[in-house]
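Engineer: As input, take start.cif (mmCIF, C-alpha atoms and all ligand atoms):
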data_structure
#
loop_
_atom_site.label_atom_id
_atom_site.label_comp_id
_atom_site.auth_asym_id
_atom_site.auth_seq_id
_atom_site.Cartn_x
_atom_site.Cartn_y
_atom_site.Cartn_z
CA MET E 1 -2.47 19.26 18.47
CA GLU E 2 -4.91 22.13 18.27
CA ARG E 3 -4.56 24.45 15.32
CA GLU E 4 -3.31 27.95 16.05
CA TYR E 5 -4.79 30.79 14.01
CA THR E 6 -2.35 33.68 13.74
CA LEU E 7 -3.79 37.15 13.41
CA SER E 8 -2.53 39.57 10.76
CA GLU E 9 -1.03 42.89 11.77
CA GLY E 10 -4.07 44.85 10.63
CA ASP E 11 -6.65 42.67 12.37
CA PHE E 12 -8.58 44.51 15.05
CA LEU E 13 -11.16 42.49 16.94
CA VAL E 14 -13.81 44.48 18.80
CA SER E 15 -16.68 43.34 20.98
CA GLU E 16 -18.93 44.97 23.52
CA THR E 17 -20.89 43.52 26.41
CA ASP E 18 -23.52 44.65 28.85
CA GLU E 19 -22.72 44.88 32.57
CA LYS E 20 -23.01 41.10 32.94
CA GLY E 21 -20.73 40.14 30.04
CA VAL E 22 -23.45 39.37 27.51
CA ILE E 23 -22.25 40.25 23.99
CA THR E 24 -24.04 43.29 22.51
CA PHE E 25 -21.69 44.03 19.60
CA ALA E 26 -19.05 42.17 17.58
CA ASN E 27 -17.18 43.59 14.61
CA GLU E 28 -16.34 41.81 11.36
CA ASP E 29 -12.80 40.82 12.39
CA PHE E 30 -13.98 39.35 15.69
CA CYS E 31 -16.67 37.22 14.01
CA ALA E 32 -14.30 36.09 11.25
CA ILE E 33 -11.46 35.00 13.55
CA ALA E 34 -13.74 33.45 16.19
CA GLY E 35 -15.55 31.53 13.44
CA TYR E 36 -19.06 32.71 14.30
CA LYS E 37 -21.76 34.58 12.46
CA ARG E 38 -22.64 37.78 14.29
CA GLU E 39 -26.11 36.52 15.19
CA GLU E 40 -24.57 33.51 16.92
CA LEU E 41 -22.60 35.80 19.22
CA LEU E 42 -25.10 38.54 20.05
CA GLY E 43 -26.93 37.80 23.29
CA LYS E 44 -24.44 35.11 24.38
CA ASN E 45 -22.17 35.29 27.40
CA HIS E 46 -18.67 36.32 26.34
CA ASN E 47 -17.31 33.09 27.80
CA ILE E 48 -18.55 31.46 24.56
CA VAL E 49 -15.03 32.09 23.18
CA ARG E 50 -13.19 31.08 26.37
CA HIS E 51 -10.32 28.64 25.93
CA ASN E 52 -9.72 26.07 28.66
CA ASP E 53 -6.06 27.02 29.01
CA MET E 54 -7.04 30.46 30.31
CA PRO E 55 -6.77 30.64 34.10
CA LYS E 56 -9.81 31.85 36.05
CA ALA E 57 -7.55 34.35 37.80
CA ALA E 58 -7.03 36.27 34.55
CA PHE E 59 -10.76 36.92 34.11
CA LYS E 60 -11.23 37.63 37.81
CA ASP E 61 -8.61 40.35 37.41
CA LEU E 62 -10.26 41.60 34.20
CA TRP E 63 -13.67 41.92 35.85
CA GLN E 64 -12.36 43.50 39.07
CA THR E 65 -10.44 46.05 37.01
CA VAL E 66 -13.22 47.13 34.65
CA GLN E 67 -15.89 47.05 37.36
CA SER E 68 -13.81 49.53 39.32
CA GLY E 69 -13.81 51.81 36.26
CA LYS E 70 -10.27 51.07 35.10
CA VAL E 71 -8.88 49.80 31.80
CA TRP E 72 -7.56 46.21 31.72
CA THR E 73 -4.93 44.94 29.33
CA GLY E 74 -3.78 41.36 28.97
CA ILE E 75 -2.85 38.52 26.67
CA VAL E 76 -5.80 36.23 26.03
CA LYS E 77 -6.05 32.82 24.36
CA ASN E 78 -9.47 32.35 22.78
CA ALA E 79 -11.11 29.29 21.28
CA VAL E 80 -12.29 29.14 17.67
CA LYS E 81 -15.76 27.73 17.01
CA GLY E 82 -14.76 24.72 14.93
CA GLY E 83 -11.68 23.96 17.07
CA GLY E 84 -8.33 25.67 17.44
CA PHE E 85 -7.31 28.91 19.12
CA TYR E 86 -5.77 32.37 18.66
CA TRP E 87 -3.89 34.73 20.94
CA VAL E 88 -4.64 38.43 21.26
CA PHE E 89 -3.43 41.48 23.16
CA ALA E 90 -6.69 42.77 24.62
CA THR E 91 -7.63 46.14 26.05
CA VAL E 92 -10.95 46.16 27.90
CA TYR E 93 -12.68 49.46 28.64
CA PRO E 94 -15.54 50.30 30.97
CA MET E 95 -18.04 52.57 29.24
CA ILE E 96 -21.10 54.47 30.28
CA SER E 97 -23.39 54.89 27.30
CA CYS E 98 -26.49 57.02 26.88
CA GLY E 99 -28.98 56.55 29.67
CA SER E 100 -26.10 55.78 32.06
CA LYS E 101 -26.14 52.05 31.37
CA ARG E 102 -22.77 50.47 32.01
CA GLY E 103 -21.14 48.30 29.42
CA TYR E 104 -17.70 47.11 28.44
CA MET E 105 -15.69 47.08 25.25
CA SER E 106 -12.72 44.95 24.26
CA CYS E 107 -10.32 45.88 21.46
CA ARG E 108 -7.80 43.23 20.43
CA ARG E 109 -4.78 43.15 18.22
CA MET E 110 -2.30 40.45 17.31
CA ALA E 111 -0.14 39.33 20.23
CA THR E 112 3.59 39.04 19.55
CA ARG E 113 5.41 35.71 19.97
CA ASP E 114 7.20 37.19 22.97
CA GLU E 115 3.95 38.28 24.64
CA ILE E 116 2.47 34.83 24.01
CA LYS E 117 5.50 33.04 25.47
CA LYS E 118 5.40 35.16 28.65
CA ALA E 119 1.64 34.66 29.03
CA GLU E 120 1.96 30.89 28.56
CA GLU E 121 4.57 30.74 31.31
CA LEU E 122 2.55 32.93 33.67
CA TYR E 123 -0.76 31.14 33.05
CA LYS E 124 0.82 27.76 33.88
CA THR E 125 1.41 29.08 37.40
CA LEU E 126 -2.19 30.32 37.83
CA ASN E 127 -5.51 28.57 37.95
C1 LIG X 201 -15.77 43.43 27.09
C2 LIG X 201 -15.38 42.05 27.52
C3 LIG X 201 -14.71 41.22 26.63
C4 LIG X 201 -14.35 39.92 27.00
N1 LIG X 201 -13.68 39.17 26.08
C5 LIG X 201 -13.36 37.89 26.40
C6 LIG X 201 -12.70 37.07 25.45
O1 LIG X 201 -12.35 37.48 24.35
N2 LIG X 201 -12.44 35.79 25.82
C7 LIG X 201 -12.78 35.28 27.03
O2 LIG X 201 -12.53 34.09 27.28
N3 LIG X 201 -13.38 36.06 27.96
C8 LIG X 201 -13.68 37.34 27.68
N4 LIG X 201 -14.30 38.13 28.62
C9 LIG X 201 -14.52 37.56 29.96
C10 LIG X 201 -15.77 36.72 30.03
O3 LIG X 201 -16.85 37.58 30.34
C11 LIG X 201 -15.68 35.62 31.12
O4 LIG X 201 -15.47 36.20 32.39
C12 LIG X 201 -14.54 34.61 30.86
O5 LIG X 201 -14.65 34.05 29.56
C13 LIG X 201 -14.49 33.47 31.87
O6 LIG X 201 -15.68 32.77 31.89
P1 LIG X 201 -16.47 32.56 33.25
O7 LIG X 201 -16.66 33.93 33.85
O8 LIG X 201 -17.72 31.88 32.86
O9 LIG X 201 -15.56 31.70 34.10
C14 LIG X 201 -14.66 39.43 28.29
C15 LIG X 201 -15.33 40.27 29.18
C16 LIG X 201 -15.67 41.57 28.83
C17 LIG X 201 -16.35 42.46 29.81
#
Mind turning the file's structure into structure tokens?

Structural biologist:
Amino acid sequence: MEREYTLSEGDFLVSETDEKGVITFANEDFCAIAGYKREELLGKNHNIVRHNDMPKAAFKDLWQTVQSGKVWTGIVKNAVKGGGFYWVFATVYPMISCGSKRGYMSCRRMATRDEIKKAEELYKTLN
């Protein structure tokens, strides 16, 4: 059995990517929960924290949504570096920063047991 890491109510995990999904920023909470030092995350594709149980369809939907300028929300299961996983409620924003370069930002809080249960059921039906 994989170990589940449960977030605390005050945890707020933030990361930013460039237009291709390469990590350009990660806050303290994100690094701590994911089990990485910041320098191990910066410059890597965000799929570095992808958990195998996540269906491709979820990320296809995420990318289609943010690339069309809209905000995506969803329940995401992420892998921890040394093994194990954690669930989050994620909100992903498209952003245009100075110089008109596009990037994306994800803000994540603890997912509730109910949200996790529903996501687990839904994700079993997707691939
Ligand atoms: C701002 C932002 C944050 C993301 N956060 C995560 C994340 O926490 N976990 C994850 O598995 N994918 C995340 N993704 C999606 C990944 O870029 C990637 O599409 C996904 O991990 C699936 O990997 P693949 O595209 O190589 O199949 C994020 C994307 C963006 C734009």

Engineer: Quick one: pull the distance between atom N3 of ligand LIG 201 (chain X) and atom CA of E:Val88, Å, one decimal.

Structural biologist: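 Interatomic distance here is 11.3 Å.
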
Engineer: Chain E near ligand LIG 201 (chain X) within 7 Å: what's each residue's closest atom pair and its distance in Å to one decimal, counting all atoms listed in the file, ordered by chain then ascending residue number, as a Markdown table?

Structural biologist:
| residue | atom | partner | partner_atom | distance |
| --- | --- | --- | --- | --- |
| E:Ser15 | CA | X:LIG201 | C1 | 6.2 |
| E:Glu16 | CA | X:LIG201 | C1 | 5.0 |
| E:Thr17 | CA | X:LIG201 | C1 | 5.2 |
| E:Gly21 | CA | X:LIG201 | O3 | 4.7 |
| E:Asn45 | CA | X:LIG201 | O3 | 6.5 |
| E:His46 | CA | X:LIG201 | O3 | 4.6 |
| E:Asn47 | CA | X:LIG201 | O5 | 3.3 |
| E:Ile48 | CA | X:LIG201 | O5 | 6.8 |
| E:Val49 | CA | X:LIG201 | O2 | 5.2 |
| E:Arg50 | CA | X:LIG201 | O2 | 3.2 |
| E:His51 | CA | X:LIG201 | O2 | 6.0 |
| E:Lys56 | CA | X:LIG201 | O9 | 6.1 |
| E:Phe59 | CA | X:LIG201 | O4 | 5.1 |
| E:Trp63 | CA | X:LIG201 | C17 | 6.6 |
| E:Val76 | CA | X:LIG201 | N2 | 6.7 |
| E:Asn78 | CA | X:LIG201 | N2 | 5.5 |
| E:Val92 | CA | X:LIG201 | C1 | 5.6 |
| E:Tyr93 | CA | X:LIG201 | C1 | 7.0 |
| E:Tyr104 | CA | X:LIG201 | C1 | 4.4 |
| E:Met105 | CA | X:LIG201 | C1 | 4.1 |
| E:Ser106 | CA | X:LIG201 | C1 | 4.4 |

Engineer: Write the selection just made, keeping C-alpha atoms, as a PDB file, keeping the file's coordinate frame?

Structural biologist:
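Produced file again.pdb, reproduced below:
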ATOM      1  CA  SER E  15     -16.680  43.340  20.980  1.00  0.00           C
ATOM      2  CA  GLU E  16     -18.930  44.970  23.520  1.00  0.00           C
ATOM      3  CA  THR E  17     -20.890  43.520  26.410  1.00  0.00           C
ATOM      4  CA  GLY E  21     -20.730  40.140  30.040  1.00  0.00           C
ATOM      5  CA  ASN E  45     -22.170  35.290  27.400  1.00  0.00           C
ATOM      6  CA  HIS E  46     -18.670  36.320  26.340  1.00  0.00           C
ATOM      7  CA  ASN E  47     -17.310  33.090  27.800  1.00  0.00           C
ATOM      8  CA  ILE E  48     -18.550  31.460  24.560  1.00  0.00           C
ATOM      9  CA  VAL E  49     -15.030  32.090  23.180  1.00  0.00           C
ATOM     10  CA  ARG E  50     -13.190  31.080  26.370  1.00  0.00           C
ATOM     11  CA  HIS E  51     -10.320  28.640  25.930  1.00  0.00           C
ATOM     12  CA  LYS E  56      -9.810  31.850  36.050  1.00  0.00           C
ATOM     13  CA  PHE E  59     -10.760  36.920  34.110  1.00  0.00           C
ATOM     14  CA  TRP E  63     -13.670  41.920  35.850  1.00  0.00           C
ATOM     15  CA  VAL E  76      -5.800  36.230  26.030  1.00  0.00           C
ATOM     16  CA  ASN E  78      -9.470  32.350  22.780  1.00  0.00           C
ATOM     17  CA  VAL E  92     -10.950  46.160  27.900  1.00  0.00           C
ATOM     18  CA  TYR E  93     -12.680  49.460  28.640  1.00  0.00           C
ATOM     19  CA  TYR E 104     -17.700  47.110  28.440  1.00  0.00           C
ATOM     20  CA  MET E 105     -15.690  47.080  25.250  1.00  0.00           C
ATOM     21  CA  SER E 106     -12.720  44.950  24.260  1.00  0.00           C
TER      22      SER E 106
END

Engineer: Using all atoms listed in the file, find all polymer residues with an atom at most 12 Å away from the point (-7.1, 40.5, 35.9); report them as a PyMOL selection string.

Structural biologist: chain E and resi 54-68+70-76+90-92+123+126

Engineer: Calculated over all atoms listed in the file, which of the candidates E:Asn52, E:Gly69, E:Lys20, E:Leu13 has the smallest distance to E:Met95?

Structural biologist: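 Between E:Asn52, E:Gly69, E:Lys20, E:Leu13, the residue approaching E:Met95 most closely is E:Gly69.
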
Engineer: Can you pull out the residues contacting E:Tyr5? Cut-off 10 Å, using only C-alpha atoms, and skip same-chain residues under 2 positions away; I want them as an mmCIF file with C-alpha atoms, in the frame of the given file.

Structural biologist:
data_model
loop_
_atom_site.group_PDB
_atom_site.id
_atom_site.type_symbol
_atom_site.label_atom_id
_atom_site.label_comp_id
_atom_site.auth_asym_id
_atom_site.auth_seq_id
_atom_site.Cartn_x
_atom_site.Cartn_y
_atom_site.Cartn_z
ATOM 1 C CA GLU E 2 -4.910 22.130 18.270
ATOM 2 C CA ARG E 3 -4.560 24.450 15.320
ATOM 3 C CA LEU E 7 -3.790 37.150 13.410
ATOM 4 C CA SER E 8 -2.530 39.570 10.760
ATOM 5 C CA ILE E 33 -11.460 35.000 13.550
ATOM 6 C CA ALA E 34 -13.740 33.450 16.190
ATOM 7 C CA ALA E 79 -11.110 29.290 21.280
ATOM 8 C CA VAL E 80 -12.290 29.140 17.670
ATOM 9 C CA GLY E 84 -8.330 25.670 17.440
ATOM 10 C CA PHE E 85 -7.310 28.910 19.120
ATOM 11 C CA TYR E 86 -5.770 32.370 18.660
ATOM 12 C CA TRP E 87 -3.890 34.730 20.940
#

Engineer: With a distance cut-off of 7 Å and only C-alpha atoms, select the neighbouring residues of E:Ala111, excluding the residue or stretch itself and same-chain residues fewer than 2 positions from it, and output the selection as a PyMOL selection string.

Structural biologist: chain E and resi 87-89+109+113+115-116

Engineer: Which one of E:Asp18, E:Gly83, E:Asp53, E:Gly103 sits closest to E:Lys124 if you count only C-alpha atoms?

Structural biologist: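 Of E:Asp18, E:Gly83, E:Asp53, E:Gly103, the one nearest E:Lys124 is E:Asp53, counting only C-alpha atoms.
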
Engineer: Just the number, please: distance in Å from atom CA of E:Phe12 to atom CA of E:Phe30, one decimal.

Structural biologist: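 Going from atom CA of E:Phe12 over to atom CA of E:Phe30, I get 7.5 Å.
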
Engineer: Between atom CA of E:Val22 and atom CA of E:Lys44, what distance in Å does the model show, to one decimal?

Structural biologist: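 A separation of 5.4 Å between them.
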
Engineer: Just need stretch 28-86 of chain E in a file, please: C-alpha atoms, as a compact mmCIF listing (two decimals), in the first residue's frame.

Structural biologist:
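For reference, part32.txt as written:
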# COMPACT_ATOMS: atom_id res chain seq x y z
CA GLU E 28 7.49 26.37 0.33
CA ASP E 29 4.36 24.26 0.93
CA PHE E 30 4.52 22.73 -2.55
CA CYS E 31 8.18 21.74 -2.17
CA ALA E 32 7.63 20.38 1.35
CA ILE E 33 4.61 18.20 0.49
CA ALA E 34 6.01 17.01 -2.86
CA GLY E 35 9.28 16.10 -1.13
CA TYR E 36 11.57 18.11 -3.42
CA LYS E 37 14.02 20.92 -2.93
CA ARG E 38 13.01 23.95 -4.98
CA GLU E 39 16.02 23.63 -7.27
CA GLU E 40 14.97 20.08 -8.15
CA LEU E 41 11.62 21.36 -9.41
CA LEU E 42 12.55 24.55 -11.23
CA GLY E 43 13.05 23.91 -14.94
CA LYS E 44 11.34 20.49 -14.85
CA ASN E 45 8.13 19.57 -16.61
CA HIS E 46 5.22 19.68 -14.16
CA ASN E 47 4.50 16.03 -14.88
CA ILE E 48 7.39 15.31 -12.47
CA VAL E 49 4.73 15.09 -9.72
CA ARG E 50 2.20 13.14 -11.81
CA HIS E 51 0.70 10.08 -10.16
CA ASN E 52 -0.08 7.07 -12.36
CA ASP E 53 -3.67 6.87 -11.12
CA MET E 54 -4.46 10.22 -12.74
CA PRO E 55 -6.28 9.77 -16.05
CA LYS E 56 -4.85 11.51 -19.12
CA ALA E 57 -8.29 12.98 -19.75
CA ALA E 58 -8.05 15.11 -16.60
CA PHE E 59 -4.89 16.86 -17.81
CA LYS E 60 -6.20 17.14 -21.36
CA ASP E 61 -9.16 19.01 -19.89
CA LEU E 62 -6.85 21.14 -17.71
CA TRP E 63 -4.69 22.18 -20.66
CA GLN E 64 -7.62 22.84 -23.02
CA THR E 65 -9.26 25.00 -20.35
CA VAL E 66 -6.27 27.16 -19.42
CA GLN E 67 -5.05 27.47 -23.01
CA SER E 68 -8.43 28.93 -23.91
CA GLY E 69 -7.93 31.53 -21.16
CA LYS E 70 -10.26 29.98 -18.59
CA VAL E 71 -9.70 28.85 -15.01
CA TRP E 72 -9.65 25.08 -14.34
CA THR E 73 -10.53 23.46 -11.05
CA GLY E 74 -10.22 19.79 -10.21
CA ILE E 75 -9.18 17.17 -7.71
CA VAL E 76 -5.65 15.94 -8.37
CA LYS E 77 -3.67 13.03 -6.95
CA ASN E 78 0.04 13.79 -6.98
CA ALA E 79 3.04 11.58 -6.31
CA VAL E 80 5.56 12.30 -3.55
CA LYS E 81 9.25 12.06 -4.42
CA GLY E 82 10.20 9.22 -2.09
CA GLY E 83 6.94 7.31 -2.71
CA GLY E 84 3.37 7.91 -1.62
CA PHE E 85 0.77 10.43 -2.73
CA TYR E 86 -1.47 13.33 -1.68
